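The next block is input_22.cif, given as mmCIF, C-alpha atoms.
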data_final
#
loop_
_atom_site.label_atom_id
_atom_site.label_comp_id
_atom_site.auth_asym_id
_atom_site.auth_seq_id
_atom_site.Cartn_x
_atom_site.Cartn_y
_atom_site.Cartn_z
CA MET A 1 -1.93 1.09 38.00
CA PHE A 2 -1.54 2.79 34.63
CA PRO A 3 -0.08 6.32 34.61
CA VAL A 4 -2.68 9.08 34.34
CA PHE A 5 -2.02 12.35 32.52
CA ASP A 6 -4.62 14.70 33.99
CA ASP A 7 -4.87 18.34 32.89
CA SER A 8 -7.89 20.56 33.57
CA SER A 9 -6.04 23.87 33.55
CA GLU A 10 -7.32 26.81 31.45
CA GLY A 11 -10.46 24.95 30.46
CA ARG A 12 -8.56 21.88 29.25
CA ASP A 13 -10.21 18.50 29.81
CA VAL A 14 -7.54 15.83 29.42
CA GLU A 15 -7.33 12.49 31.19
CA ALA A 16 -5.14 10.07 29.28
CA GLU A 17 -4.36 6.68 30.77
CA PRO A 18 -1.93 4.79 28.48
CA ASP A 19 -0.78 1.24 29.18
CA ILE A 20 2.91 2.17 28.98
CA VAL A 21 4.97 5.36 28.99
CA LEU A 22 8.38 5.35 27.30
CA TYR A 23 10.83 8.16 28.10
CA ASP A 24 14.39 8.59 26.87
CA GLY A 25 15.27 11.96 28.34
CA SER A 26 13.55 14.02 25.66
CA THR A 27 10.64 12.15 24.02
CA CYS A 28 7.66 10.88 26.00
CA VAL A 29 5.72 8.09 24.21
CA LEU A 30 2.22 7.23 25.44
CA CYS A 31 1.52 3.69 24.31
CA GLU A 32 -1.58 1.47 24.21
CA ILE A 33 -1.20 -2.30 23.69
CA LYS A 34 -3.98 -4.34 22.02
CA SER A 35 -4.04 -8.13 21.64
CA GLY A 36 -6.17 -8.36 18.49
CA HIS A 37 -6.47 -6.50 15.19
CA ASN A 38 -9.86 -4.78 15.49
CA ILE A 39 -9.76 -0.96 15.46
CA ASN A 40 -12.80 0.17 17.43
CA ASP A 41 -14.16 3.52 18.57
CA ARG A 42 -12.88 3.03 22.09
CA ASP A 43 -9.31 2.65 20.78
CA ILE A 44 -9.66 5.85 18.75
CA LYS A 45 -11.02 7.76 21.76
CA GLN A 46 -8.14 6.52 23.94
CA MET A 47 -5.56 7.72 21.42
CA ALA A 48 -7.37 11.03 20.89
CA GLU A 49 -7.07 11.60 24.64
CA CYS A 50 -3.36 10.74 24.59
CA ASP A 51 -2.90 13.12 21.66
CA LYS A 52 -4.15 15.99 23.84
CA VAL A 53 -1.27 15.61 26.31
CA THR A 54 1.07 18.59 26.07
CA ILE A 55 4.78 18.78 26.81
CA GLU A 56 4.01 20.65 30.05
CA THR A 57 1.54 17.97 31.18
CA ALA A 58 4.05 15.21 30.37
CA GLU A 59 6.77 16.96 32.34
CA GLU A 60 4.44 17.37 35.30
CA GLU A 61 3.63 13.65 35.29
CA LEU A 62 7.33 12.75 35.06
CA LYS A 63 7.95 15.07 38.01
CA ASN A 64 5.21 13.31 40.00
CA ALA A 65 6.79 9.97 39.09
CA GLN A 66 10.11 11.22 40.53
CA VAL A 67 11.97 10.41 37.31
CA ARG A 68 14.95 12.58 38.30
CA GLU A 69 15.39 10.72 41.56
CA LYS A 70 15.08 7.27 39.94
CA THR A 71 16.89 7.63 36.60
CA GLU A 72 19.68 9.55 34.90
CA TYR A 73 17.12 11.66 33.03
CA GLY A 74 16.32 15.24 34.00
CA GLY A 75 12.60 15.08 33.38
CA SER A 76 12.51 17.56 30.49
CA VAL A 77 10.38 16.73 27.44
CA THR A 78 10.78 18.02 23.87
CA ALA A 79 8.11 15.86 22.20
CA VAL A 80 5.06 13.79 23.14
CA GLU A 81 4.07 10.92 20.83
CA SER A 82 1.03 8.63 20.89
CA VAL A 83 1.45 5.01 19.77
CA ILE A 84 -0.96 2.08 19.60
CA VAL A 85 0.29 -1.48 19.07
CA TYR A 86 -1.92 -4.28 17.73
CA GLN A 87 -0.22 -7.62 18.28
CA ASP A 88 -2.22 -9.56 15.66
CA MET A 89 -2.05 -6.99 12.85
CA ASP A 90 0.51 -6.85 10.03
CA GLU A 91 1.16 -5.13 6.70
CA GLU A 92 -0.78 -7.73 4.71
CA TYR A 93 -3.84 -7.44 6.96
CA VAL A 94 -3.86 -3.63 6.73
CA GLU A 95 -3.48 -3.66 2.93
CA GLU A 96 -6.11 -6.34 2.30
CA THR A 97 -8.68 -5.03 4.77
CA ALA A 98 -8.25 -1.42 3.65
CA SER A 99 -8.85 -2.45 0.04
CA GLU A 100 -12.02 -4.37 0.95
CA SER A 101 -13.62 -2.28 3.70
CA ALA A 102 -14.51 1.42 3.64
CA ASP A 103 -15.29 1.20 7.38
CA PHE A 104 -11.79 -0.07 8.10
CA ARG A 105 -10.25 2.72 5.99
CA ASP A 106 -12.29 5.28 7.91
CA SER A 107 -11.28 3.80 11.28
CA LEU A 108 -7.63 3.65 10.21
CA ASP A 109 -7.67 7.30 9.10
CA ARG A 110 -9.33 8.44 12.33
CA LEU A 111 -6.89 6.45 14.43
CA THR A 112 -3.75 7.72 12.68
CA GLU A 113 -4.93 11.31 13.11
CA HIS A 114 -4.02 10.83 16.76
CA ALA A 115 -1.46 8.02 16.90
CA VAL A 116 1.15 5.97 15.10
CA LEU A 117 -0.10 2.45 14.40
CA MET A 118 2.42 -0.31 15.12
CA THR A 119 2.58 -4.09 15.39
CA GLN A 120 4.85 -6.57 17.11
CA ASP A 121 6.10 -10.02 16.16
CA TYR A 122 8.02 -11.92 18.81
CA GLY A 123 11.34 -13.00 17.33
CA ARG A 124 11.02 -10.24 14.71
CA ASP A 125 10.25 -6.54 15.09
CA LEU A 126 8.16 -3.92 16.79
CA ARG A 127 7.48 -1.76 13.72
CA VAL A 128 5.32 1.01 12.24
CA LEU A 129 2.31 0.10 10.07
CA ALA A 130 0.73 3.53 9.53
CA GLY A 131 0.85 7.10 10.77
CA GLU A 132 3.60 9.64 11.33
CA PHE A 133 5.48 10.79 14.40
CA ASN A 134 5.17 14.47 15.30
CA ASP A 135 8.89 15.02 15.78
CA ASP A 136 12.34 13.60 15.07
CA GLY A 137 14.41 12.20 17.89
CA SER A 138 16.32 9.10 18.93
CA MET A 139 13.16 7.39 20.20
CA GLN A 140 11.23 8.11 17.00
CA SER A 141 14.15 6.97 14.82
CA ALA A 142 14.42 3.69 16.72
CA LEU A 143 10.70 3.00 16.38
CA ARG A 144 10.70 3.88 12.66
CA ALA A 145 13.61 1.51 12.03
CA GLY A 146 11.95 -1.27 14.02
CA VAL A 147 12.96 -2.73 17.36
CA THR A 148 14.05 -6.37 17.36
CA LEU A 149 12.07 -8.45 19.84
CA PRO A 150 13.13 -11.69 21.53
CA GLU A 151 11.35 -14.96 20.87
CA ASN A 152 8.23 -15.42 22.95
CA PRO A 153 8.41 -18.68 24.93
CA PRO A 154 5.94 -21.21 23.53
CA ASP A 155 2.75 -21.86 25.48
CA GLU A 156 2.89 -25.08 27.45
CA ILE A 157 -0.32 -26.63 28.70
CA MET A 158 0.12 -28.79 31.81
CA LEU A 159 -2.61 -31.33 32.49
CA THR A 160 -3.22 -33.06 35.80
CA GLU A 161 -3.62 -36.82 35.91
CA GLY A 162 -7.27 -36.57 36.94
CA MET A 163 -8.09 -33.92 34.38
CA GLU A 164 -11.64 -32.66 34.22
CA PRO A 165 -13.49 -31.90 30.95
CA GLU A 166 -13.17 -28.20 31.79
CA ILE A 167 -9.36 -28.41 31.80
CA LEU A 168 -9.40 -30.41 28.58
CA ALA A 169 -11.70 -27.87 26.88
CA VAL A 170 -9.34 -25.01 27.74
CA ALA A 171 -6.30 -27.03 26.59
CA VAL A 172 -7.86 -27.93 23.24
CA THR A 173 -8.92 -24.37 22.45
CA ASP A 174 -5.60 -22.91 23.61
CA ILE A 175 -3.49 -25.33 21.56
CA TRP A 176 -5.58 -25.76 18.39
CA GLY A 177 -8.52 -23.35 18.52
CA GLU A 178 -6.55 -20.11 18.73
CA GLN A 179 -4.35 -21.19 15.81
CA ALA A 180 -7.37 -20.68 13.53
CA LEU A 181 -6.68 -16.95 13.59
CA ASP A 182 -3.56 -17.54 11.48
CA TYR A 183 -5.10 -19.77 8.80
CA ASP A 184 -7.64 -18.76 6.16
CA ASP A 185 -8.92 -22.33 5.81
CA GLY A 186 -9.02 -23.05 9.54
CA VAL A 187 -7.40 -25.74 11.69
CA ARG A 188 -8.58 -29.37 11.55
CA ILE A 189 -7.94 -31.89 14.28
CA SER A 190 -9.09 -35.42 15.10
CA ARG A 191 -9.76 -37.05 18.43
CA GLU A 192 -6.88 -39.48 17.92
CA GLU A 193 -4.44 -36.69 17.05
CA ILE A 194 -5.29 -34.99 20.32
CA ARG A 195 -4.79 -38.21 22.27
CA ASP A 196 -1.42 -38.76 20.53
CA PHE A 197 -0.37 -35.20 21.33
CA PHE A 198 -0.78 -35.71 25.08
CA ALA A 199 0.54 -39.31 25.12
CA PRO A 200 2.43 -40.94 26.71
CA ARG A 201 2.44 -38.58 29.68
CA HIS A 202 -1.37 -38.35 29.75
CA ASN A 203 -3.95 -40.90 28.71
CA VAL A 204 -6.84 -38.74 27.53
CA ASN A 205 -10.14 -40.59 27.79
CA PRO A 206 -12.01 -40.71 24.43
CA GLY A 207 -15.30 -40.28 26.26
CA ASP A 208 -14.05 -37.06 27.87
CA LEU A 209 -12.99 -35.77 24.45
CA ASP A 210 -16.42 -36.58 23.01
CA LEU A 211 -18.04 -34.63 25.84
CA VAL A 212 -15.67 -31.70 25.33
CA PHE A 213 -16.31 -31.53 21.59
CA ASP A 214 -20.05 -31.84 22.12
CA PHE A 215 -19.69 -28.77 24.31
CA LEU A 216 -17.41 -26.87 21.89
CA THR A 217 -19.64 -27.51 18.89
CA ASP A 218 -22.76 -26.59 20.87
CA ILE A 219 -21.33 -23.15 21.79
CA ASP A 220 -20.08 -22.65 18.21
CA ALA A 221 -16.39 -22.81 19.09
CA CYS A 222 -15.79 -25.39 16.32
CA GLU A 223 -17.61 -27.55 13.78
CA GLU A 224 -17.71 -31.33 13.40
CA ILE A 225 -16.58 -32.19 9.85
CA GLY A 226 -16.45 -35.99 10.10
CA THR A 227 -16.40 -38.86 12.55
CA HIS A 228 -14.37 -37.56 15.51
CA ARG A 229 -12.93 -34.80 13.29
CA TYR A 230 -13.37 -31.10 13.99
CA GLU A 231 -12.52 -27.74 12.47
CA PHE A 232 -11.75 -24.40 14.15
CA ARG A 233 -12.17 -21.29 11.97
CA ARG A 234 -11.75 -17.55 12.43
CA GLU A 235 -15.49 -17.02 12.75
CA HIS A 236 -15.40 -19.28 15.83
CA MET A 237 -12.84 -17.07 17.57
CA GLY A 238 -15.32 -15.20 19.76
CA SER A 239 -16.57 -18.47 21.26
CA ILE A 240 -13.07 -19.95 21.43
CA LEU A 241 -11.79 -17.03 23.50
CA GLY A 242 -14.81 -17.31 25.82
CA VAL A 243 -14.33 -21.00 26.69
CA GLU A 244 -12.16 -20.45 29.76
CA GLU A 245 -14.57 -17.96 31.28
CA MET A 246 -17.52 -20.29 30.62
CA VAL A 247 -15.98 -23.37 32.24
CA VAL A 248 -14.80 -21.35 35.25
CA GLU A 249 -18.41 -20.36 35.90
CA GLN A 250 -20.07 -23.67 34.98
CA ARG A 251 -18.97 -27.28 34.60
CA VAL A 252 -19.41 -28.84 31.16
CA GLU A 253 -21.76 -31.53 32.51
CA ASP A 254 -23.86 -28.86 34.24
CA TYR A 255 -24.08 -26.97 30.94
CA PHE A 256 -25.73 -30.00 29.31
CA ARG A 257 -27.95 -30.67 32.32
CA GLU A 258 -29.22 -27.10 32.00
CA ASP A 259 -29.98 -27.66 28.31
CA ASP A 260 -31.77 -30.91 29.11
CA GLN A 261 -33.83 -29.20 31.80
CA GLU A 262 -34.87 -26.43 29.41
CA THR A 263 -35.95 -29.06 26.86
CA PHE A 264 -37.92 -30.94 29.53
CA ASP A 265 -39.60 -27.76 30.74
CA THR A 266 -40.60 -26.87 27.19
CA PHE A 267 -42.07 -30.36 26.69
CA THR A 268 -44.08 -30.25 29.92
CA ASP A 269 -45.36 -26.77 29.14
CA ASP A 270 -46.57 -27.94 25.74
CA ASP A 271 -48.19 -30.96 27.32
CA GLU A 272 -50.01 -28.85 29.89
CA ASP A 273 -51.24 -26.53 27.16
CA GLY A 274 -52.58 -29.55 25.29
CA ASP A 275 -54.41 -30.83 28.37
CA GLU A 276 -56.09 -27.47 28.87
CA ASP A 277 -57.24 -27.44 25.26
CA GLU A 278 -58.78 -30.90 25.65
CA SER A 279 -60.59 -29.83 28.82
CA ASP A 280 -62.02 -26.79 27.09
CA GLU A 281 -63.28 -28.94 24.24
CA GLU A 282 -65.01 -31.38 26.60
CA TYR A 283 -66.62 -28.56 28.51
#
Written as structure tokens, that's how I'd like the structure from this file.
Amino acid sequence: MFPVFDDSSEGRDVEAEPDIVLYDGSTCVLCEIKSGHNINDRDIKQMAECDKVTIETAEEELKNAQVREKTEYGGSVTAVESVIVYQDMDEEYVEETASESADFRDSLDRLTEHAVLMTQDYGRDLRVLAGEFNDDGSMQSALRAGVTLPENPPDEIMLTEGMEPEILAVAVTDIWGEQALDYDDGVRISREEIRDFFAPRHNVNPGDLDLVFDFLTDIDACEEIGTHRYEFRREHMGSILGVEEMVVEQRVEDYFREDDQETFDTFTDDDEDGDEDESDEEY
């Protein structure tokens, strides 16, 4: 349950619900965490709501959270700061996109009216990209300087011996598909390279891989660029990220059966229409 800063006193209408609250005994930081790099209107509205939180409202919430009983801090607040962190954004992205897109510049300006924009790199820093803090304090100084983060453990995909195409589809998109976000020219992979990756622990059936890539290309999660060679690109990312949800709801083989049924239904409908036309002509 995220903390809620609710204040309707004296005509105020504030209900901020940040992901994380940081408190060091004087500064209260209301922080939203985002996994991508797209600044949308919902993000701006969330930070505008956080920006409405007053010192008095923050102190009341810390009192309700029993901070004094649980920590060494007294619960007093001298500054409230709003921060939003985009994990997949960096200085280069902000500079390039701002120079190319007036919409991005507008969104960035509206966002930083209410919050400090930050990014995080595991093994590097949590650091500021744009915006200014309202006050000076130990928390603000630490965030301005950048906070060193530990290395994020690498993702490890475990496959069962009797793996289904659904498991294989998720593994392929997790290991290779999502990498496309980091490369302008995409990520290319062959069927044999995938088999070698999982060998010798797992013997991936070539037929299963063919079925999986038929599925991935059909939903526009990748493109076939040669015989048993495929390419994942940034424009495929929406479909790539939706693969797991799709295969949880429907097996890959059922997906193709549904397509086949739709094709058959269309054919029979056309045929029936043709028969009716012939009957009308004879009559």
Contact residues around Leu216 in chain A with all atoms listed in the file at 12 Å, ignoring same-chain residues under 3 positions, as a ChimeraX atom specification: /A:165-166,168-170,172-173,177,209-213,219-224,230-232,236-237,239-244,246-247,252,255-256
For Ala145 in chain A, the nearest of the candidates A:Arg188, A:Val128, A:Arg42, A:Val116, counting all atoms listed in the file: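 Checking each of A:Arg188, A:Val128, A:Arg42, A:Val116 against Ala145 in chain A, counting all atoms listed in the file, the winner is A:Val128.
Between CA of Gly75 in chain A and CA of Glu113 in chain A there is a distance of 27.1 Å.
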What are the closest atom pairs, with distances in Å to one decimal, for each residue of range 119-234 of chain A lying within 9 Å of range 14-31 of chain A, using all atoms listed in the file, rows by chain and rising residue number, as a tab-separated table?
residue	atom	partner	partner_atom	distance
A:Asp135	CA	A:Thr27	CA	8.9
A:Gly137	CA	A:Thr27	CA	7.2
A:Ser138	CA	A:Asp24	CA	8.2
A:Met139	CA	A:Thr27	CA	6.6
A:Gln140	CA	A:Thr27	CA	8.1
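Note that CA of Val80 in chain A and CA of Ser141 in chain A are 14.1 Å apart.
Each of A:Glu32, A:Val147, A:Val67, A:Arg233 was checked against Gly186 in chain A using all atoms listed in the file; the smallest atom-to-atom distance is that of A:Arg233.
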Among the residues A:Asp184, A:Asp109, A:Glu81, A:Glu151, the one that comes closest to Phe133 in chain A [using only C-alpha atoms]: A:Glu81
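Between CA of Glu193 in chain A and CA of Glu245 in chain A the interatomic distance comes to 25.6 Å.
Using all atoms listed in the file, the nearest neighbour of Asn134 in chain A within the list A:Thr112, A:Leu149, A:Asn38, A:Phe104 is A:Thr112.
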Residues within 12 Å of (7.6, -9.0, 15.1), counting only C-alpha atoms, listed as a list in words: Val85, Tyr86, Gln87, Asp88, Met89, Asp90, Glu91, Met118, Thr119, Gln120, Asp121, Tyr122, Gly123, Arg124, Asp125, Leu126, Arg127, Val128, Leu129, Gly146, Val147, Thr148, Leu149, Pro150, Glu151 and Asn152 of chain A
